[in-house]
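Structure data follow from data-v5.cif (mmCIF, C-alpha atoms and all ligand atoms):
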data_input
loop_
_atom_site.group_PDB
_atom_site.id
_atom_site.type_symbol
_atom_site.label_atom_id
_atom_site.label_comp_id
_atom_site.auth_asym_id
_atom_site.auth_seq_id
_atom_site.Cartn_x
_atom_site.Cartn_y
_atom_site.Cartn_z
ATOM 1 C CA MET A 1 131.117 107.265 112.785
ATOM 2 C CA THR A 2 127.527 106.149 112.192
ATOM 3 C CA ASP A 3 126.058 106.913 108.839
ATOM 4 C CA PHE A 4 123.956 109.968 109.716
ATOM 5 C CA LEU A 5 122.265 110.334 106.330
ATOM 6 C CA GLN A 6 121.429 106.660 105.663
ATOM 7 C CA LEU A 7 121.432 107.263 101.916
ATOM 8 C CA ARG A 8 122.976 104.743 99.559
ATOM 9 C CA SER A 9 124.614 107.189 97.189
ATOM 10 C CA LEU A 10 126.180 109.407 99.892
ATOM 11 C CA ASN A 11 128.814 108.787 102.531
ATOM 12 C CA THR A 12 128.623 110.905 105.672
ATOM 13 C CA LEU A 13 131.992 112.478 106.473
ATOM 14 C CA GLU A 14 131.147 114.885 109.286
ATOM 15 C CA VAL A 15 128.091 116.099 111.215
ATOM 16 C CA VAL A 16 127.953 119.363 113.150
ATOM 17 C CA GLY A 17 124.778 120.215 115.014
ATOM 18 C CA ASP A 18 123.735 123.316 116.922
ATOM 19 C CA ASP A 19 120.363 124.515 118.229
ATOM 20 C CA GLU A 20 119.293 125.646 114.779
ATOM 21 C CA ARG A 21 120.310 122.924 112.334
ATOM 22 C CA TYR A 22 122.508 120.018 111.367
ATOM 23 C CA VAL A 23 125.302 120.651 108.903
ATOM 24 C CA VAL A 24 126.522 117.460 107.225
ATOM 25 C CA LYS A 25 129.549 116.972 105.017
ATOM 26 C CA ALA A 26 129.234 114.051 102.609
ATOM 27 C CA GLU A 27 130.626 112.594 99.411
ATOM 28 C CA GLY A 28 129.228 110.582 96.549
ATOM 29 C CA VAL A 29 129.934 106.862 96.709
ATOM 30 C CA ALA A 30 129.518 105.794 93.126
ATOM 31 C CA PRO A 31 132.568 106.444 90.980
ATOM 32 C CA VAL A 32 131.641 106.438 87.311
ATOM 33 C CA ALA A 33 134.052 105.294 84.663
ATOM 34 C CA THR A 34 131.964 105.416 81.515
ATOM 35 C CA CYS A 35 130.233 108.555 80.227
ATOM 36 C CA PRO A 36 126.472 108.400 80.864
ATOM 37 C CA LEU A 37 125.845 110.841 78.001
ATOM 38 C CA CYS A 38 127.483 109.067 75.067
ATOM 39 C CA LYS A 39 127.634 105.670 76.836
ATOM 40 C CA VAL A 40 131.087 104.854 75.422
ATOM 41 C CA GLY A 41 133.638 107.505 76.414
ATOM 42 C CA ARG A 42 136.005 107.162 79.366
ATOM 43 C CA LEU A 43 135.696 109.840 82.040
ATOM 44 C CA HIS A 44 138.552 111.828 83.438
ATOM 45 C CA GLY A 45 138.514 113.853 86.653
ATOM 46 C CA HIS A 46 137.822 117.539 86.001
ATOM 47 C CA GLY A 47 137.987 119.136 89.437
ATOM 48 C CA SER A 48 135.119 119.434 91.907
ATOM 49 C CA GLN A 49 132.641 121.958 93.251
ATOM 50 C CA GLU A 50 131.079 122.389 96.659
ATOM 51 C CA GLN A 51 127.283 122.146 96.491
ATOM 52 C CA SER A 52 124.674 122.221 99.230
ATOM 53 C CA PHE A 53 121.373 120.377 99.458
ATOM 54 C CA GLN A 54 118.600 120.468 102.032
ATOM 55 C CA ASP A 55 117.567 117.138 103.513
ATOM 56 C CA THR A 56 114.636 115.940 105.632
ATOM 57 C CA PRO A 57 114.593 117.459 109.159
ATOM 58 C CA THR A 58 116.145 115.322 111.915
ATOM 59 C CA HIS A 59 115.327 115.652 115.612
ATOM 60 C CA GLY A 60 113.071 118.587 114.678
ATOM 61 C CA LYS A 61 115.927 120.500 113.045
ATOM 62 C CA PRO A 62 116.608 121.273 109.375
ATOM 63 C CA VAL A 63 119.509 119.424 107.768
ATOM 64 C CA VAL A 64 121.839 120.859 105.145
ATOM 65 C CA VAL A 65 124.285 118.589 103.305
ATOM 66 C CA PHE A 66 127.482 119.899 101.751
ATOM 67 C CA ILE A 67 128.989 117.778 99.021
ATOM 68 C CA GLN A 68 132.323 118.288 97.328
ATOM 69 C CA ARG A 69 130.942 117.075 94.029
ATOM 70 C CA ARG A 70 133.334 115.617 91.513
ATOM 71 C CA ARG A 71 133.344 116.809 87.947
ATOM 72 C CA TYR A 72 134.292 114.730 84.940
ATOM 73 C CA ARG A 73 135.164 115.295 81.348
ATOM 74 C CA CYS A 74 134.476 112.630 78.751
ATOM 75 C CA ILE A 75 137.400 111.956 76.443
ATOM 76 C CA SER A 76 135.061 110.810 73.691
ATOM 77 C CA CYS A 77 132.231 113.404 73.534
ATOM 78 C CA ASN A 78 134.229 116.040 75.416
ATOM 79 C CA LYS A 79 131.262 117.011 77.617
ATOM 80 C CA THR A 80 131.666 117.759 81.304
ATOM 81 C CA LEU A 81 129.324 116.519 83.986
ATOM 82 C CA PHE A 82 128.927 116.215 87.743
ATOM 83 C CA GLU A 83 129.115 112.813 89.315
ATOM 84 C CA PRO A 84 125.624 111.346 89.459
ATOM 85 C CA VAL A 85 124.185 111.079 92.991
ATOM 86 C CA ALA A 86 120.966 109.069 92.912
ATOM 87 C CA ASP A 87 119.549 110.429 96.172
ATOM 88 C CA LEU A 88 119.524 114.049 94.992
ATOM 89 C CA ASP A 89 116.502 115.577 93.329
ATOM 90 C CA SER A 90 117.149 116.485 89.713
ATOM 91 C CA LYS A 91 115.368 119.855 89.884
ATOM 92 C CA ARG A 92 115.986 121.303 93.346
ATOM 93 C CA GLN A 93 118.825 121.855 95.775
ATOM 94 C CA ALA A 94 117.343 119.083 97.869
ATOM 95 C CA THR A 95 117.522 115.363 98.418
ATOM 96 C CA ALA A 96 114.896 113.278 96.659
ATOM 97 C CA ARG A 97 113.494 112.180 100.008
ATOM 98 C CA LEU A 98 113.051 115.805 101.100
ATOM 99 C CA VAL A 99 110.992 116.443 97.969
ATOM 100 C CA ARG A 100 108.842 113.397 98.828
ATOM 101 C CA TYR A 101 108.521 114.682 102.389
ATOM 102 C CA ILE A 102 107.339 118.131 101.220
ATOM 103 C CA ARG A 103 104.776 116.561 98.893
ATOM 104 C CA LYS A 104 103.324 114.556 101.735
ATOM 105 C CA GLU A 105 103.424 117.226 104.431
ATOM 106 C CA SER A 106 101.925 119.933 102.180
ATOM 107 C CA PHE A 107 98.524 118.391 102.749
ATOM 108 C CA THR A 108 98.528 119.130 106.475
ATOM 109 C CA LYS A 109 100.900 122.071 106.934
ATOM 110 C CA THR A 110 100.994 125.579 105.496
ATOM 111 C CA PHE A 111 103.728 126.308 102.960
ATOM 112 C CA ALA A 112 105.207 128.875 105.357
ATOM 113 C CA ALA A 113 105.413 126.424 108.280
ATOM 114 C CA LEU A 114 106.875 123.723 106.070
ATOM 115 C CA ALA A 115 109.443 126.140 104.612
ATOM 116 C CA ARG A 116 110.578 127.019 108.141
ATOM 117 C CA GLU A 117 110.744 123.374 109.136
ATOM 118 C CA VAL A 118 112.974 122.301 106.239
ATOM 119 C CA ASP A 119 114.776 125.647 105.846
ATOM 120 C CA LEU A 120 113.871 126.299 102.223
ATOM 121 C CA ASP A 121 112.115 129.399 100.974
ATOM 122 C CA GLU A 122 108.363 129.289 100.718
ATOM 123 C CA LYS A 123 108.408 129.663 96.952
ATOM 124 C CA THR A 124 110.457 126.481 96.568
ATOM 125 C CA VAL A 125 108.057 124.539 98.786
ATOM 126 C CA ARG A 126 105.145 125.843 96.736
ATOM 127 C CA HIS A 127 106.850 124.837 93.481
ATOM 128 C CA VAL A 128 107.473 121.310 94.749
ATOM 129 C CA PHE A 129 103.785 121.026 95.572
ATOM 130 C CA ASP A 130 102.731 122.529 92.206
ATOM 131 C CA ASP A 131 104.869 119.959 90.373
ATOM 132 C CA PHE A 132 103.227 117.239 92.402
ATOM 133 C CA ILE A 133 99.717 118.417 91.518
ATOM 134 C CA GLU A 134 100.676 118.726 87.861
ATOM 135 C CA GLU A 135 101.961 115.143 87.805
ATOM 136 C CA PHE A 136 98.867 113.956 89.599
ATOM 137 C CA GLU A 137 96.496 115.714 87.207
ATOM 138 C CA ALA A 138 98.338 114.292 84.185
ATOM 139 C CA LYS A 139 97.986 110.788 85.607
ATOM 140 C CA VAL A 140 94.503 110.820 87.070
ATOM 141 C CA ARG A 141 91.438 111.432 84.970
ATOM 142 C CA PHE A 142 88.134 111.978 86.667
ATOM 143 C CA ARG A 143 85.228 110.768 84.620
ATOM 144 C CA THR A 144 82.712 113.508 83.914
ATOM 145 C CA PRO A 145 79.606 112.694 85.966
ATOM 146 C CA ARG A 146 76.284 111.718 84.445
ATOM 147 C CA ILE A 147 74.545 113.336 87.417
ATOM 148 C CA LEU A 148 76.500 116.381 88.481
ATOM 149 C CA GLY A 149 75.988 118.450 91.596
ATOM 150 C CA ILE A 150 77.016 122.044 92.216
ATOM 151 C CA ASP A 151 77.466 122.930 95.851
ATOM 152 C CA GLU A 152 79.356 125.574 97.661
ATOM 153 C CA LEU A 153 81.858 125.614 100.439
ATOM 154 C CA LYS A 154 83.193 128.598 102.319
ATOM 155 C CA ILE A 155 86.981 128.282 102.450
ATOM 156 C CA ILE A 156 89.174 131.107 103.755
ATOM 157 C CA GLY A 157 86.327 133.581 103.711
ATOM 158 C CA GLN A 158 85.188 132.917 100.176
ATOM 159 C CA TYR A 159 82.532 130.763 98.576
ATOM 160 C CA ARG A 160 83.993 128.110 96.280
ATOM 161 C CA ALA A 161 81.939 126.028 93.902
ATOM 162 C CA MET A 162 82.278 122.320 94.596
ATOM 163 C CA ILE A 163 81.439 120.071 91.688
ATOM 164 C CA THR A 164 80.322 116.602 92.724
ATOM 165 C CA ASN A 165 79.483 113.295 91.140
ATOM 166 C CA ILE A 166 76.150 112.521 92.748
ATOM 167 C CA GLU A 167 75.894 108.973 91.426
ATOM 168 C CA ARG A 168 79.279 108.015 92.850
ATOM 169 C CA LYS A 169 79.065 110.312 95.882
ATOM 170 C CA THR A 170 82.489 111.794 95.140
ATOM 171 C CA VAL A 171 83.950 115.270 94.702
ATOM 172 C CA PHE A 172 84.713 115.897 91.044
ATOM 173 C CA ASP A 173 86.336 119.319 91.260
ATOM 174 C CA LEU A 174 86.684 122.398 93.411
ATOM 175 C CA ARG A 175 86.652 125.837 91.780
ATOM 176 C CA PRO A 176 88.362 128.932 93.216
ATOM 177 C CA SER A 177 85.045 130.812 93.314
ATOM 178 C CA ARG A 178 81.378 130.497 92.406
ATOM 179 C CA ALA A 179 81.480 133.536 90.121
ATOM 180 C CA LYS A 180 80.068 133.359 86.640
ATOM 181 C CA ALA A 181 83.405 134.498 85.167
ATOM 182 C CA ASP A 182 85.028 131.358 86.558
ATOM 183 C CA LEU A 183 82.249 128.833 86.059
ATOM 184 C CA LEU A 184 81.295 129.755 82.516
ATOM 185 C CA PRO A 185 84.667 128.905 80.900
ATOM 186 C CA TYR A 186 85.038 125.929 83.241
ATOM 187 C CA PHE A 187 81.847 124.248 82.059
ATOM 188 C CA ARG A 188 82.341 125.368 78.485
ATOM 189 C CA ASN A 189 85.693 123.552 78.351
ATOM 190 C CA LEU A 190 84.751 120.558 80.465
ATOM 191 C CA ARG A 191 85.807 117.278 78.896
ATOM 192 C CA ASP A 192 82.922 114.983 77.847
ATOM 193 C CA LYS A 193 80.369 117.550 78.986
ATOM 194 C CA ASP A 194 77.769 115.942 76.700
ATOM 195 C CA THR A 195 77.588 112.992 79.076
ATOM 196 C CA ILE A 196 76.025 115.165 81.800
ATOM 197 C CA GLU A 197 72.313 114.379 81.938
ATOM 198 C CA TRP A 198 71.286 115.996 85.211
ATOM 199 C CA VAL A 199 72.602 118.882 87.269
ATOM 200 C CA ALA A 200 71.504 119.317 90.879
ATOM 201 C CA MET A 201 72.038 122.720 92.458
ATOM 202 C CA ASP A 202 70.731 125.179 94.985
ATOM 203 C CA MET A 203 68.821 128.257 93.864
ATOM 204 C CA TYR A 204 71.824 130.556 93.360
ATOM 205 C CA PRO A 205 70.899 132.077 89.950
ATOM 206 C CA VAL A 206 74.445 132.038 88.527
ATOM 207 C CA TYR A 207 74.505 128.228 88.527
ATOM 208 C CA LYS A 208 71.341 128.051 86.482
ATOM 209 C CA GLN A 209 72.568 130.640 83.988
ATOM 210 C CA VAL A 210 75.887 128.870 83.567
ATOM 211 C CA VAL A 211 74.359 125.422 83.092
ATOM 212 C CA ARG A 212 71.751 126.722 80.640
ATOM 213 C CA ALA A 213 74.489 128.386 78.590
ATOM 214 C CA THR A 214 77.004 125.551 78.545
ATOM 215 C CA LEU A 215 75.116 122.280 79.061
ATOM 216 C CA PRO A 216 71.915 122.697 77.063
ATOM 217 C CA GLN A 217 71.149 118.961 77.141
ATOM 218 C CA ALA A 218 71.277 118.704 80.946
ATOM 219 C CA ARG A 219 68.140 118.852 83.037
ATOM 220 C CA ILE A 220 68.292 120.981 86.168
ATOM 221 C CA VAL A 221 66.973 119.883 89.529
ATOM 222 C CA VAL A 222 66.993 122.079 92.580
ATOM 223 C CA ASP A 223 68.136 119.855 95.365
ATOM 224 C CA ARG A 224 65.676 118.655 97.949
ATOM 225 C CA PHE A 225 67.434 120.108 100.984
ATOM 226 C CA HIS A 226 67.256 123.647 99.703
ATOM 227 C CA ILE A 227 63.563 123.345 98.934
ATOM 228 C CA GLN A 228 62.953 121.778 102.319
ATOM 229 C CA ARG A 229 64.744 124.594 104.077
ATOM 230 C CA MET A 230 62.757 127.207 102.206
ATOM 231 C CA ALA A 231 59.495 125.437 103.083
ATOM 232 C CA ASN A 232 60.497 125.301 106.743
ATOM 233 C CA ASP A 233 61.380 128.983 106.786
ATOM 234 C CA ALA A 234 58.039 129.879 105.222
ATOM 235 C CA LEU A 235 56.139 127.721 107.712
ATOM 236 C CA GLU A 236 57.973 129.284 110.615
ATOM 237 C CA LYS A 237 57.200 132.804 109.397
ATOM 238 C CA LEU A 238 53.536 131.953 109.023
ATOM 239 C CA ARG A 239 53.384 130.388 112.473
ATOM 240 C CA LYS A 240 54.852 133.478 114.123
ATOM 241 C CA ARG A 241 52.462 135.757 112.293
ATOM 242 C CA ILE A 242 49.404 133.759 113.403
ATOM 243 C CA ARG A 243 50.651 133.525 116.969
ATOM 244 C CA LYS A 244 51.197 137.265 117.216
ATOM 245 C CA ASP A 245 47.507 137.983 116.621
ATOM 246 C CA LEU A 246 46.223 135.483 119.182
ATOM 247 C CA PRO A 247 45.043 136.477 122.683
ATOM 248 C CA ALA A 248 47.466 135.568 125.478
ATOM 249 C CA ARG A 249 45.490 132.545 126.766
ATOM 250 C CA GLN A 250 45.344 130.890 123.382
ATOM 251 C CA ARG A 251 48.988 131.641 122.768
ATOM 252 C CA LEU A 252 49.875 129.796 125.951
ATOM 253 C CA LYS A 253 47.731 126.849 124.982
ATOM 254 C CA LEU A 254 49.601 126.581 121.691
ATOM 255 C CA LYS A 255 52.986 126.677 123.323
ATOM 256 C CA ASP A 256 54.320 123.635 121.484
ATOM 257 C CA GLU A 257 52.512 124.339 118.277
ATOM 258 C CA ARG A 258 55.691 124.243 116.218
ATOM 259 C CA PHE A 259 55.846 120.519 116.775
ATOM 260 C CA LEU A 260 52.147 120.265 116.136
ATOM 261 C CA LEU A 261 52.691 121.776 112.717
ATOM 262 C CA LEU A 262 55.477 119.345 111.942
ATOM 263 C CA LYS A 263 53.323 116.319 112.757
ATOM 264 C CA ARG A 264 51.485 114.378 110.097
ATOM 265 C CA HIS A 265 47.841 115.385 109.813
ATOM 266 C CA ALA A 266 46.442 112.022 110.997
ATOM 267 C CA ARG A 267 48.539 112.046 114.157
ATOM 268 C CA ARG A 268 47.553 115.503 115.387
ATOM 269 C CA GLY A 269 45.295 115.996 118.344
HETATM 270 ZN ZN ZN B 301 130.767 111.053 76.539
#

Is it possible to give me this structure as structure tokens?
Ligand SMILES: [Zn+2]
Amino acid sequence: MTDFLQLRSLNTLEVVGDDERYVVKAEGVAPVATCPLCKVGRLHGHGSQEQSFQDTPTHGKPVVVFIQRRRYRCISCNKTLFEPVADLDSKRQATARLVRYIRKESFTKTFAALAREVDLDEKTVRHVFDDFIEEFEAKVRFRTPRILGIDELKIIGQYRAMITNIERKTVFDLRPSRAKADLLPYFRNLRDKDTIEWVAMDMYPVYKQVVRATLPQARIVVDRFHIQRMANDALEKLRKRIRKDLPARQRLKLKDERFLLLKRHARRG
């Protein structure tokens, strides 16, 4: 039969598929003779155990692989071990490629949908993703910005503080909320926080309080767009108030006065 799994360390023995899933029986291909633990002892067969592992979905269906996994005992160190199978993940009941698949797909699918697709429970999918993020954070270090921006984004019904590097035009971090209780310890413990020279923010008072308390050297600027919006709102209010008191004929004459107000002085008339 064709090799259904296409994995180097496993031989496909049997494939049964129904509407719900594929069930594959397989065996390890690499017989080991020398103990991988003590590196010298000879290994003797010590029975076997049936184990199951989830694999990447095929034809839109989850795949489960059953392996009759050989056990060995080392005649030198006397330890027992399962035959090594390189394509299996060391932490989960899953193939290594399924773990890679979950890591990748977690960015575009919900944990629940992904769990259904691969037939693992949602908690396992979440743990795979958490491990991934942990590895990533240990490897990647964002440099603390010299000019830092605090913005907010509404995600799933809640405002989250987005920390940006204005000089590099990149996102530096995303906080679960914009509450003082979250931001205060965050900025207090921020690595290299002394390198922050400027902080740009909107006029939400918590940001100012937090920056004053934790980054005393940084100078605060309220960003241009927020000031502009406030100025526009004020102008609009004023315009409506003036218009309201005008007689009808004059009001009609000033129909497009909003644009008149937005023109430069020299170009009016
Ligand atoms: Zn050994």

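Taking atom CA of Arg146 of chain A and atom CA of Asn189 of chain A as the two end points, the separation is 16.3 Å.
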
Decode the PyMOL selection byres (((not hetatm)) within 9 of (chain B and resi 301)) for the given file into explicit residues and return them as a PDB file with C-alpha atoms, keeping the file's coordinate frame.
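New file expr-v7.pdb:
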ATOM      1  CA  THR A  34     131.964 105.416  81.515  1.00  0.00           C
ATOM      2  CA  CYS A  35     130.233 108.555  80.227  1.00  0.00           C
ATOM      3  CA  PRO A  36     126.472 108.400  80.864  1.00  0.00           C
ATOM      4  CA  LEU A  37     125.845 110.841  78.001  1.00  0.00           C
ATOM      5  CA  CYS A  38     127.483 109.067  75.067  1.00  0.00           C
ATOM      6  CA  LYS A  39     127.634 105.670  76.836  1.00  0.00           C
ATOM      7  CA  VAL A  40     131.087 104.854  75.422  1.00  0.00           C
ATOM      8  CA  GLY A  41     133.638 107.505  76.414  1.00  0.00           C
ATOM      9  CA  ARG A  42     136.005 107.162  79.366  1.00  0.00           C
ATOM     10  CA  LEU A  43     135.696 109.840  82.040  1.00  0.00           C
ATOM     11  CA  ARG A  73     135.164 115.295  81.348  1.00  0.00           C
ATOM     12  CA  CYS A  74     134.476 112.630  78.751  1.00  0.00           C
ATOM     13  CA  ILE A  75     137.400 111.956  76.443  1.00  0.00           C
ATOM     14  CA  SER A  76     135.061 110.810  73.691  1.00  0.00           C
ATOM     15  CA  CYS A  77     132.231 113.404  73.534  1.00  0.00           C
ATOM     16  CA  ASN A  78     134.229 116.040  75.416  1.00  0.00           C
ATOM     17  CA  LYS A  79     131.262 117.011  77.617  1.00  0.00           C
ATOM     18  CA  THR A  80     131.666 117.759  81.304  1.00  0.00           C
TER      19      THR A  80
END

- [ ] Can you turn the PyMOL selection byres (((chain A and resi 50-53) around 6) and not hetatm) into a concrete residue list for this file, as a PyMOL selection string?
- [x] chain A and resi 49+54+64-69+93-94

Open item on the list: I'd like the interatomic distance between atom CA of Val125 of chain A and atom CA of Asp173 of chain A, to a tenth of an Å.
Closed with: 23.6 Å

- [ ] Please measure the separation of atom CA of Lys61 of chain A and atom CA of Ile133 of chain A, giving the value in Å to one decimal.
- [x]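 That distance, rounded to one decimal, is 27.0 Å.
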
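The residues caught by the PyMOL selection byres (((chain A and resi 190) around 12) and not hetatm) in this file are A:Phe142, A:Arg143, A:Thr144, A:Pro145, A:Ile163, A:Phe172, A:Asp173, A:Leu183, A:Leu184, A:Pro185, A:Tyr186, A:Phe187, A:Arg188, A:Asn189, A:Arg191, A:Asp192, A:Lys193, A:Asp194, A:Thr195, A:Ile196, A:Val211, A:Thr214, A:Leu215.
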
TODO: Tell me which of A:Glu122, A:Asp131, A:Glu27, A:Asp87 sits closest to Arg70 of chain A, counting only C-alpha atoms.
DONE: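 For Arg70 of chain A, the nearest of the candidates is A:Glu27.
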
Open item on the list: Ranking A:Val128, A:Leu238, A:Ile150, A:Met230 by minimum distance to Val210 of chain A and counting all atoms listed in the file, which one comes first?
Closed with: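 Looking at the shortest contact to Val210 of chain A, the residue is A:Ile150.
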
TODO: Return the single residue from A:Arg175, A:Arg229, A:Arg126, A:Lys25 that is closest to Ser106 of chain A, with distances computed using all atoms listed in the file.
DONE: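 Under the stated criterion, the closest residue is A:Arg126.
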
Asp223 of chain A: which residues within 10 Å, counting all atoms listed in the file, same-chain residues fewer than 3 positions away excluded, as a PDB file with C-alpha atoms, keeping the file's coordinate frame?
ATOM      1  CA  GLY A 149      75.988 118.450  91.596  1.00  0.00           C
ATOM      2  CA  ILE A 150      77.016 122.044  92.216  1.00  0.00           C
ATOM      3  CA  ASP A 151      77.466 122.930  95.851  1.00  0.00           C
ATOM      4  CA  VAL A 199      72.602 118.882  87.269  1.00  0.00           C
ATOM      5  CA  ALA A 200      71.504 119.317  90.879  1.00  0.00           C
ATOM      6  CA  MET A 201      72.038 122.720  92.458  1.00  0.00           C
ATOM      7  CA  ASP A 202      70.731 125.179  94.985  1.00  0.00           C
ATOM      8  CA  MET A 203      68.821 128.257  93.864  1.00  0.00           C
ATOM      9  CA  ILE A 220      68.292 120.981  86.168  1.00  0.00           C
ATOM     10  CA  HIS A 226      67.256 123.647  99.703  1.00  0.00           C
ATOM     11  CA  ILE A 227      63.563 123.345  98.934  1.00  0.00           C
ATOM     12  CA  GLN A 228      62.953 121.778 102.319  1.00  0.00           C
TER      13      GLN A 228
END

Have segment 29-47 of chain A completed to N, CA and C atoms, please, and pass it along as a PDB file, in the coordinates of the input.
ATOM      1  N   VAL A  29     129.264 108.156  96.577  1.00  0.00           N
ATOM      2  CA  VAL A  29     129.934 106.862  96.709  1.00  0.00           C
ATOM      3  C   VAL A  29     130.164 106.149  95.386  1.00  0.00           C
ATOM      4  N   ALA A  30     129.441 106.574  94.364  1.00  0.00           N
ATOM      5  CA  ALA A  30     129.518 105.794  93.126  1.00  0.00           C
ATOM      6  C   ALA A  30     130.473 106.432  92.125  1.00  0.00           C
ATOM      7  N   PRO A  31     131.675 105.903  92.007  1.00  0.00           N
ATOM      8  CA  PRO A  31     132.568 106.444  90.980  1.00  0.00           C
ATOM      9  C   PRO A  31     132.118 105.956  89.605  1.00  0.00           C
ATOM     10  N   VAL A  32     132.055 106.858  88.657  1.00  0.00           N
ATOM     11  CA  VAL A  32     131.641 106.438  87.311  1.00  0.00           C
ATOM     12  C   VAL A  32     132.856 106.432  86.393  1.00  0.00           C
ATOM     13  N   ALA A  33     132.909 105.424  85.556  1.00  0.00           N
ATOM     14  CA  ALA A  33     134.052 105.294  84.663  1.00  0.00           C
ATOM     15  C   ALA A  33     133.659 105.589  83.225  1.00  0.00           C
ATOM     16  N   THR A  34     132.410 105.232  82.890  1.00  0.00           N
ATOM     17  CA  THR A  34     131.964 105.416  81.515  1.00  0.00           C
ATOM     18  C   THR A  34     130.979 106.573  81.435  1.00  0.00           C
ATOM     19  N   CYS A  35     131.070 107.366  80.382  1.00  0.00           N
ATOM     20  CA  CYS A  35     130.233 108.555  80.227  1.00  0.00           C
ATOM     21  C   CYS A  35     128.755 108.178  80.095  1.00  0.00           C
ATOM     22  N   PRO A  36     127.903 108.716  80.964  1.00  0.00           N
ATOM     23  CA  PRO A  36     126.472 108.400  80.864  1.00  0.00           C
ATOM     24  C   PRO A  36     125.785 109.113  79.691  1.00  0.00           C
ATOM     25  N   LEU A  37     126.462 110.089  79.098  1.00  0.00           N
ATOM     26  CA  LEU A  37     125.845 110.841  78.001  1.00  0.00           C
ATOM     27  C   LEU A  37     126.020 110.141  76.652  1.00  0.00           C
ATOM     28  N   CYS A  38     127.268 109.746  76.353  1.00  0.00           N
ATOM     29  CA  CYS A  38     127.483 109.067  75.067  1.00  0.00           C
ATOM     30  C   CYS A  38     127.598 107.560  75.234  1.00  0.00           C
ATOM     31  N   LYS A  39     127.626 107.100  76.483  1.00  0.00           N
ATOM     32  CA  LYS A  39     127.634 105.670  76.836  1.00  0.00           C
ATOM     33  C   LYS A  39     128.916 104.921  76.466  1.00  0.00           C
ATOM     34  N   VAL A  40     129.870 105.575  75.825  1.00  0.00           N
ATOM     35  CA  VAL A  40     131.087 104.854  75.422  1.00  0.00           C
ATOM     36  C   VAL A  40     132.377 105.481  75.971  1.00  0.00           C
ATOM     37  N   GLY A  41     132.398 106.810  76.066  1.00  0.00           N
ATOM     38  CA  GLY A  41     133.638 107.505  76.414  1.00  0.00           C
ATOM     39  C   GLY A  41     134.114 107.226  77.831  1.00  0.00           C
ATOM     40  N   ARG A  42     135.427 107.271  78.030  1.00  0.00           N
ATOM     41  CA  ARG A  42     136.005 107.162  79.366  1.00  0.00           C
ATOM     42  C   ARG A  42     135.948 108.543  80.018  1.00  0.00           C
ATOM     43  N   LEU A  43     135.769 108.561  81.330  1.00  0.00           N
ATOM     44  CA  LEU A  43     135.696 109.840  82.040  1.00  0.00           C
ATOM     45  C   LEU A  43     137.002 110.131  82.752  1.00  0.00           C
ATOM     46  N   HIS A  44     137.379 111.390  82.690  1.00  0.00           N
ATOM     47  CA  HIS A  44     138.552 111.828  83.438  1.00  0.00           C
ATOM     48  C   HIS A  44     138.133 112.865  84.464  1.00  0.00           C
ATOM     49  N   GLY A  45     138.803 112.859  85.615  1.00  0.00           N
ATOM     50  CA  GLY A  45     138.514 113.853  86.653  1.00  0.00           C
ATOM     51  C   GLY A  45     138.674 115.268  86.119  1.00  0.00           C
ATOM     52  N   HIS A  46     137.780 116.175  86.514  1.00  0.00           N
ATOM     53  CA  HIS A  46     137.822 117.539  86.001  1.00  0.00           C
ATOM     54  C   HIS A  46     137.504 118.493  87.155  1.00  0.00           C
ATOM     55  N   GLY A  47     138.188 118.277  88.271  1.00  0.00           N
ATOM     56  CA  GLY A  47     137.987 119.136  89.437  1.00  0.00           C
ATOM     57  C   GLY A  47     136.742 118.756  90.233  1.00  0.00           C
TER      58      GLY A  47
END
